[in-house]
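**Q** Provided below: run.pdb, containing PDB, N, CA and C atoms.
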ATOM      1  N   MET A   1      84.352  39.971 -64.600
ATOM      2  CA  MET A   1      84.747  38.811 -63.841
ATOM      3  C   MET A   1      84.911  37.621 -64.781
ATOM      4  N   ILE A   2      86.025  36.934 -64.688
ATOM      5  CA  ILE A   2      86.289  35.742 -65.494
ATOM      6  C   ILE A   2      85.681  34.540 -64.784
ATOM      7  N   LEU A   3      84.896  33.790 -65.514
ATOM      8  CA  LEU A   3      84.208  32.638 -64.953
ATOM      9  C   LEU A   3      85.079  31.398 -65.072
ATOM     10  N   SER A   4      85.130  30.627 -64.010
ATOM     11  CA  SER A   4      85.846  29.363 -64.023
ATOM     12  C   SER A   4      84.845  28.250 -64.327
ATOM     13  N   PHE A   5      85.081  27.533 -65.404
ATOM     14  CA  PHE A   5      84.201  26.445 -65.795
ATOM     15  C   PHE A   5      84.678  25.169 -65.116
ATOM     16  N   THR A   6      84.099  24.886 -63.963
ATOM     17  CA  THR A   6      84.444  23.691 -63.201
ATOM     18  C   THR A   6      83.887  22.456 -63.904
ATOM     19  N   GLN A   7      84.307  21.287 -63.457
ATOM     20  CA  GLN A   7      83.773  20.048 -64.030
ATOM     21  C   GLN A   7      82.269  19.946 -63.775
ATOM     22  N   GLU A   8      81.848  20.377 -62.596
ATOM     23  CA  GLU A   8      80.419  20.348 -62.262
ATOM     24  C   GLU A   8      79.619  21.238 -63.208
ATOM     25  N   LEU A   9      80.123  22.432 -63.490
ATOM     26  CA  LEU A   9      79.451  23.352 -64.402
ATOM     27  C   LEU A   9      79.476  22.798 -65.828
ATOM     28  N   THR A  10      80.602  22.243 -66.221
ATOM     29  CA  THR A  10      80.722  21.637 -67.547
ATOM     30  C   THR A  10      79.723  20.499 -67.706
ATOM     31  N   ASP A  11      79.581  19.687 -66.682
ATOM     32  CA  ASP A  11      78.618  18.580 -66.725
ATOM     33  C   ASP A  11      77.189  19.096 -66.844
ATOM     34  N   ARG A  12      76.885  20.166 -66.150
ATOM     35  CA  ARG A  12      75.530  20.741 -66.217
ATOM     36  C   ARG A  12      75.264  21.330 -67.601
ATOM     37  N   ILE A  13      76.268  21.976 -68.188
ATOM     38  CA  ILE A  13      76.136  22.503 -69.552
ATOM     39  C   ILE A  13      75.876  21.355 -70.520
ATOM     40  N   ALA A  14      76.615  20.257 -70.354
ATOM     41  CA  ALA A  14      76.422  19.086 -71.214
ATOM     42  C   ALA A  14      75.018  18.510 -71.043
ATOM     43  N   GLU A  15      74.538  18.454 -69.819
ATOM     44  CA  GLU A  15      73.192  17.932 -69.555
ATOM     45  C   GLU A  15      72.144  18.763 -70.290
ATOM     46  N   LEU A  16      72.284  20.078 -70.231
ATOM     47  CA  LEU A  16      71.340  20.953 -70.915
ATOM     48  C   LEU A  16      71.491  20.847 -72.433
ATOM     49  N   ALA A  17      72.719  20.712 -72.916
ATOM     50  CA  ALA A  17      72.938  20.541 -74.354
ATOM     51  C   ALA A  17      72.303  19.245 -74.839
ATOM     52  N   ALA A  18      72.356  18.194 -74.032
ATOM     53  CA  ALA A  18      71.727  16.923 -74.392
ATOM     54  C   ALA A  18      70.215  17.075 -74.517
ATOM     55  N   ASP A  19      69.648  18.043 -73.825
ATOM     56  CA  ASP A  19      68.219  18.345 -73.933
ATOM     57  C   ASP A  19      67.945  19.350 -75.052
ATOM     58  N   LEU A  20      68.959  19.607 -75.878
ATOM     59  CA  LEU A  20      68.883  20.527 -77.023
ATOM     60  C   LEU A  20      68.536  21.955 -76.611
ATOM     61  N   THR A  21      69.096  22.371 -75.484
ATOM     62  CA  THR A  21      68.900  23.727 -74.979
ATOM     63  C   THR A  21      69.906  24.656 -75.661
ATOM     64  N   PRO A  22      69.450  25.735 -76.298
ATOM     65  CA  PRO A  22      70.379  26.675 -76.944
ATOM     66  C   PRO A  22      71.289  27.362 -75.927
ATOM     67  N   PRO A  23      72.473  27.786 -76.364
ATOM     68  CA  PRO A  23      73.427  28.441 -75.458
ATOM     69  C   PRO A  23      72.848  29.631 -74.697
ATOM     70  N   THR A  24      72.013  30.452 -75.338
ATOM     71  CA  THR A  24      71.454  31.602 -74.621
ATOM     72  C   THR A  24      70.587  31.147 -73.455
ATOM     73  N   GLU A  25      69.857  30.046 -73.643
ATOM     74  CA  GLU A  25      69.025  29.533 -72.562
ATOM     75  C   GLU A  25      69.872  28.839 -71.498
ATOM     76  N   ILE A  26      70.936  28.161 -71.918
ATOM     77  CA  ILE A  26      71.854  27.560 -70.943
ATOM     78  C   ILE A  26      72.413  28.655 -70.039
ATOM     79  N   ALA A  27      72.834  29.754 -70.650
ATOM     80  CA  ALA A  27      73.381  30.870 -69.869
ATOM     81  C   ALA A  27      72.337  31.408 -68.894
ATOM     82  N   ALA A  28      71.103  31.539 -69.340
ATOM     83  CA  ALA A  28      70.047  32.060 -68.468
ATOM     84  C   ALA A  28      69.760  31.091 -67.318
ATOM     85  N   ILE A  29      69.645  29.807 -67.622
ATOM     86  CA  ILE A  29      69.333  28.806 -66.594
ATOM     87  C   ILE A  29      70.439  28.725 -65.547
ATOM     88  N   LEU A  30      71.685  28.783 -66.010
ATOM     89  CA  LEU A  30      72.822  28.626 -65.097
ATOM     90  C   LEU A  30      73.367  29.956 -64.587
ATOM     91  N   ASP A  31      72.704  31.051 -64.955
ATOM     92  CA  ASP A  31      73.125  32.393 -64.540
ATOM     93  C   ASP A  31      74.575  32.670 -64.951
ATOM     94  N   LEU A  32      74.855  32.394 -66.235
ATOM     95  CA  LEU A  32      76.190  32.621 -66.791
ATOM     96  C   LEU A  32      76.171  33.845 -67.694
ATOM     97  N   ASP A  33      77.305  34.454 -67.859
ATOM     98  CA  ASP A  33      77.463  35.526 -68.832
ATOM     99  C   ASP A  33      77.488  34.884 -70.216
ATOM    100  N   ILE A  34      76.549  35.263 -71.078
ATOM    101  CA  ILE A  34      76.434  34.634 -72.390
ATOM    102  C   ILE A  34      77.692  34.836 -73.231
ATOM    103  N   ASP A  35      78.338  35.976 -73.096
ATOM    104  CA  ASP A  35      79.559  36.220 -73.866
ATOM    105  C   ASP A  35      80.677  35.265 -73.437
ATOM    106  N   GLN A  36      80.808  35.028 -72.133
ATOM    107  CA  GLN A  36      81.832  34.096 -71.664
ATOM    108  C   GLN A  36      81.520  32.669 -72.094
ATOM    109  N   LEU A  37      80.237  32.290 -72.031
ATOM    110  CA  LEU A  37      79.863  30.949 -72.479
ATOM    111  C   LEU A  37      80.134  30.800 -73.969
ATOM    112  N   ASN A  38      79.746  31.779 -74.759
ATOM    113  CA  ASN A  38      79.999  31.718 -76.203
ATOM    114  C   ASN A  38      81.488  31.662 -76.515
ATOM    115  N   GLN A  39      82.275  32.403 -75.756
ATOM    116  CA  GLN A  39      83.724  32.368 -75.955
ATOM    117  C   GLN A  39      84.262  30.966 -75.670
ATOM    118  N   GLU A  40      83.774  30.357 -74.607
ATOM    119  CA  GLU A  40      84.208  29.009 -74.240
ATOM    120  C   GLU A  40      83.762  27.995 -75.297
ATOM    121  N   LEU A  41      82.532  28.147 -75.782
ATOM    122  CA  LEU A  41      82.023  27.232 -76.808
ATOM    123  C   LEU A  41      82.727  27.433 -78.150
ATOM    124  N   GLY A  42      83.283  28.609 -78.361
ATOM    125  CA  GLY A  42      84.006  28.886 -79.600
ATOM    126  C   GLY A  42      85.459  28.440 -79.584
ATOM    127  N   ASP A  43      85.968  28.083 -78.418
ATOM    128  CA  ASP A  43      87.363  27.651 -78.274
ATOM    129  C   ASP A  43      87.466  26.159 -78.593
ATOM    130  N   LYS A  44      88.120  25.829 -79.698
ATOM    131  CA  LYS A  44      88.205  24.436 -80.157
ATOM    132  C   LYS A  44      88.916  23.508 -79.174
ATOM    133  N   HIS A  45      89.618  24.056 -78.233
ATOM    134  CA  HIS A  45      90.359  23.242 -77.265
ATOM    135  C   HIS A  45      89.676  23.196 -75.891
ATOM    136  N   SER A  46      88.517  23.792 -75.791
ATOM    137  CA  SER A  46      87.833  23.893 -74.503
ATOM    138  C   SER A  46      87.118  22.589 -74.140
ATOM    139  N   PRO A  47      87.289  22.122 -72.905
ATOM    140  CA  PRO A  47      86.521  20.961 -72.444
ATOM    141  C   PRO A  47      85.016  21.245 -72.407
ATOM    142  N   VAL A  48      84.642  22.499 -72.202
ATOM    143  CA  VAL A  48      83.221  22.873 -72.206
ATOM    144  C   VAL A  48      82.649  22.670 -73.603
ATOM    145  N   ARG A  49      83.380  23.112 -74.617
ATOM    146  CA  ARG A  49      82.935  22.933 -76.008
ATOM    147  C   ARG A  49      82.797  21.448 -76.335
ATOM    148  N   ARG A  50      83.803  20.663 -75.981
ATOM    149  CA  ARG A  50      83.754  19.224 -76.269
ATOM    150  C   ARG A  50      82.563  18.567 -75.585
ATOM    151  N   ALA A  51      82.311  18.919 -74.339
ATOM    152  CA  ALA A  51      81.188  18.343 -73.598
ATOM    153  C   ALA A  51      79.855  18.760 -74.218
ATOM    154  N   TYR A  52      79.738  20.030 -74.595
ATOM    155  CA  TYR A  52      78.520  20.556 -75.216
ATOM    156  C   TYR A  52      78.247  19.846 -76.543
ATOM    157  N   LEU A  53      79.269  19.782 -77.408
ATOM    158  CA  LEU A  53      79.089  19.163 -78.724
ATOM    159  C   LEU A  53      78.830  17.668 -78.622
ATOM    160  N   LYS A  54      79.505  16.995 -77.703
ATOM    161  CA  LYS A  54      79.301  15.560 -77.532
ATOM    162  C   LYS A  54      77.870  15.272 -77.076
ATOM    163  N   ALA A  55      77.393  16.021 -76.106
ATOM    164  CA  ALA A  55      76.032  15.810 -75.600
ATOM    165  C   ALA A  55      74.994  16.087 -76.680
ATOM    166  N   LYS A  56      75.188  17.140 -77.430
ATOM    167  CA  LYS A  56      74.276  17.480 -78.523
ATOM    168  C   LYS A  56      74.303  16.386 -79.587
ATOM    169  N   ALA A  57      75.481  15.916 -79.946
ATOM    170  CA  ALA A  57      75.627  14.875 -80.961
ATOM    171  C   ALA A  57      75.000  13.558 -80.512
ATOM    172  N   GLU A  58      75.141  13.217 -79.234
ATOM    173  CA  GLU A  58      74.549  11.975 -78.729
ATOM    174  C   GLU A  58      73.026  12.016 -78.812
ATOM    175  N   THR A  59      72.438  13.168 -78.522
ATOM    176  CA  THR A  59      70.986  13.294 -78.644
ATOM    177  C   THR A  59      70.566  13.230 -80.105
ATOM    178  N   ALA A  60      71.303  13.903 -80.978
ATOM    179  CA  ALA A  60      70.987  13.850 -82.405
ATOM    180  C   ALA A  60      71.079  12.417 -82.918
ATOM    181  N   HIS A  61      72.078  11.691 -82.458
ATOM    182  CA  HIS A  61      72.240  10.290 -82.849
ATOM    183  C   HIS A  61      71.043   9.458 -82.401
ATOM    184  N   MET A  62      70.625   9.649 -81.175
ATOM    185  CA  MET A  62      69.476   8.914 -80.647
ATOM    186  C   MET A  62      68.213   9.218 -81.464
ATOM    187  N   LEU A  63      68.021  10.477 -81.816
ATOM    188  CA  LEU A  63      66.851  10.861 -82.612
ATOM    189  C   LEU A  63      66.904  10.244 -84.007
ATOM    190  N   ARG A  64      68.085  10.234 -84.603
ATOM    191  CA  ARG A  64      68.220   9.614 -85.932
ATOM    192  C   ARG A  64      67.939   8.121 -85.859
ATOM    193  N   ARG A  65      68.405   7.457 -84.820
ATOM    194  CA  ARG A  65      68.138   6.016 -84.659
ATOM    195  C   ARG A  65      66.641   5.761 -84.555
ATOM    196  N   GLN A  66      65.948   6.577 -83.792
ATOM    197  CA  GLN A  66      64.497   6.422 -83.673
ATOM    198  C   GLN A  66      63.824   6.635 -85.027
ATOM    199  N   GLU A  67      64.282   7.631 -85.747
ATOM    200  CA  GLU A  67      63.704   7.929 -87.061
ATOM    201  C   GLU A  67      63.955   6.776 -88.030
ATOM    202  N   LEU A  68      65.134   6.170 -87.952
ATOM    203  CA  LEU A  68      65.430   5.010 -88.795
ATOM    204  C   LEU A  68      64.486   3.852 -88.475
ATOM    205  N   GLU A  69      64.183   3.651 -87.209
ATOM    206  CA  GLU A  69      63.239   2.594 -86.823
ATOM    207  C   GLU A  69      61.860   2.861 -87.413
ATOM    208  N   PHE A  70      61.424   4.110 -87.362
ATOM    209  CA  PHE A  70      60.134   4.460 -87.959
ATOM    210  C   PHE A  70      60.156   4.246 -89.475
ATOM    211  N   ALA A  71      61.286   4.576 -90.101
ATOM    212  CA  ALA A  71      61.411   4.376 -91.551
ATOM    213  C   ALA A  71      61.335   2.890 -91.894
ATOM    214  N   ARG A  72      61.952   2.060 -91.072
ATOM    215  CA  ARG A  72      61.944   0.610 -91.323
ATOM    216  C   ARG A  72      60.542   0.015 -91.263
ATOM    217  N   VAL A  73      59.669   0.628 -90.486
ATOM    218  CA  VAL A  73      58.299   0.112 -90.407
ATOM    219  C   VAL A  73      57.356   0.850 -91.348
ATOM    220  N   GLY A  74      57.916   1.690 -92.211
ATOM    221  CA  GLY A  74      57.134   2.254 -93.302
ATOM    222  C   GLY A  74      56.621   3.666 -93.157
ATOM    223  N   SER A  75      57.085   4.426 -92.196
ATOM    224  CA  SER A  75      56.623   5.808 -92.068
ATOM    225  C   SER A  75      57.187   6.650 -93.208
ATOM    226  N   PRO A  76      56.307   7.198 -94.081
ATOM    227  CA  PRO A  76      56.789   8.010 -95.209
ATOM    228  C   PRO A  76      57.598   9.229 -94.758
ATOM    229  N   LEU A  77      57.150   9.893 -93.711
ATOM    230  CA  LEU A  77      57.889  11.061 -93.217
ATOM    231  C   LEU A  77      59.262  10.650 -92.711
ATOM    232  N   ALA A  78      59.331   9.537 -92.013
ATOM    233  CA  ALA A  78      60.614   9.052 -91.499
ATOM    234  C   ALA A  78      61.553   8.699 -92.643
ATOM    235  N   VAL A  79      61.014   8.085 -93.692
ATOM    236  CA  VAL A  79      61.845   7.762 -94.857
ATOM    237  C   VAL A  79      62.408   9.041 -95.465
ATOM    238  N   GLN A  80      61.580  10.054 -95.579
ATOM    239  CA  GLN A  80      62.019  11.345 -96.120
ATOM    240  C   GLN A  80      63.103  11.966 -95.227
ATOM    241  N   LEU A  81      62.883  11.948 -93.922
ATOM    242  CA  LEU A  81      63.854  12.538 -93.003
ATOM    243  C   LEU A  81      65.176  11.783 -93.017
ATOM    244  N   THR A  82      65.114  10.456 -93.045
ATOM    245  CA  THR A  82      66.361   9.700 -93.054
ATOM    246  C   THR A  82      67.129   9.944 -94.344
ATOM    247  N   GLY A  83      66.427  10.195 -95.438
ATOM    248  CA  GLY A  83      67.110  10.561 -96.682
ATOM    249  C   GLY A  83      67.865  11.870 -96.532
ATOM    250  N   SER A  84      67.259  12.812 -95.822
ATOM    251  CA  SER A  84      67.959  14.089 -95.605
ATOM    252  C   SER A  84      69.147  13.908 -94.671
ATOM    253  N   TYR A  85      69.033  12.980 -93.711
ATOM    254  CA  TYR A  85      70.174  12.695 -92.835
ATOM    255  C   TYR A  85      71.332  12.127 -93.645
ATOM    256  N   LEU A  86      71.023  11.261 -94.586
ATOM    257  CA  LEU A  86      72.060  10.662 -95.427
ATOM    258  C   LEU A  86      72.734  11.732 -96.290
ATOM    259  N   ARG A  87      71.941  12.640 -96.843
ATOM    260  CA  ARG A  87      72.512  13.746 -97.634
ATOM    261  C   ARG A  87      73.404  14.621 -96.767
ATOM    262  N   ASP A  88      72.939  14.930 -95.554
ATOM    263  CA  ASP A  88      73.735  15.751 -94.631
ATOM    264  C   ASP A  88      75.045  15.050 -94.284
ATOM    265  N   MET A  89      74.967  13.753 -94.070
ATOM    266  CA  MET A  89      76.165  12.980 -93.733
ATOM    267  C   MET A  89      77.156  13.022 -94.877
ATOM    268  N   SER A  90      76.681  12.807 -96.098
ATOM    269  CA  SER A  90      77.551  12.833 -97.283
ATOM    270  C   SER A  90      78.178  14.207 -97.471
ATOM    271  N   ALA A  91      77.403  15.255 -97.253
ATOM    272  CA  ALA A  91      77.911  16.612 -97.408
ATOM    273  C   ALA A  91      78.978  16.944 -96.368
ATOM    274  N   ASP A  92      78.913  16.296 -95.209
ATOM    275  CA  ASP A  92      79.848  16.578 -94.118
ATOM    276  C   ASP A  92      81.151  15.786 -94.255
ATOM    277  N   GLU A  93      81.162  14.800 -95.131
ATOM    278  CA  GLU A  93      82.366  13.983 -95.285
ATOM    279  C   GLU A  93      83.436  14.765 -96.027
ATOM    280  N   ASP A  94      84.589  14.820 -95.427
ATOM    281  CA  ASP A  94      85.690  15.605 -95.991
ATOM    282  C   ASP A  94      86.904  14.721 -96.210
ATOM    283  N   PHE A  95      86.669  13.568 -96.848
ATOM    284  CA  PHE A  95      87.781  12.655 -97.099
ATOM    285  C   PHE A  95      87.705  12.090 -98.492
TER     286      PHE A  95
END
Please express what this file holds, its structure, as structure tokens.

**A**
Amino acid sequence: MILSFTQELTDRIAELAADLTPPTEIAAILDLDIDQLNQELGDKHSPVRRAYLKAKAETAHMLRRQELEFARVGSPLAVQLTGSYLRDMSADEDF
């Protein structure tokens, strides 16, 4: 059976992705076929993929902002983590 990814389902997938829920758990929670979900997430033109990645990225951004605040007030671990974020950012730049 081919699953139709409605806007409501896409929104729910994004909500779970924002909570950093892995795709296998998203499929289990929403009673989806994991292969169909993975296929949708692998399609670069899929609205489901865009919603999933955007929600995940927004949470990662929020966590990095919090870590930067901790670094600004002197947390050694936060300083170390923000340094790794900067390295990751530089490594991801393709320009």

**Q** Would you pick out the contacts of segment 11-23 of chain A at 9 Å or less, using only C-alpha atoms, so that residues sharing its chain but fewer than 6 positions from it are not included, and give the list as a list in words?

**A**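 My reading of the contact set: Leu30, Ile34, Leu37, Asn38, Leu41, Val48, Arg49, Arg50, Ala51, Tyr52, Leu53, Lys54, Ala55, Lys56, Ala57, Glu58, Thr59 and Ala60 of chain A.
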
**Q** Please measure the separation of atom CA of Ala28 of chain A and atom CA of Glu40 of chain A, giving the value in Å to one decimal.

**A**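 A separation of 15.6 Å between them.
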
**Q** How many Å separate atom CA of Gln39 of chain A from atom CA of Asp94 of chain A?

**A** 26.2 Å

**Q** By how many Å are atom N of Thr82 of chain A and atom N of Phe70 of chain A apart?

**A**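 Distance between the two atoms: 9.3 Å.
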
**Q** Quick check for you: according to DSSP on this backbone, which residues of chain A are classed as alpha helix (DSSP H)? Reply as a ChimeraX atom specification.

**A** /A:7-18,23-30,34-42,47-72,76-92

**Q** Once the PyMOL selection byres (((chain A and resi 85 and name CA) around 12) and name CA) is applied to the coordinates I shared, what remains selected? I want it as a PyMOL selection string.

**A** chain A and resi 60-61+63-65+67-68+78-84+86-92
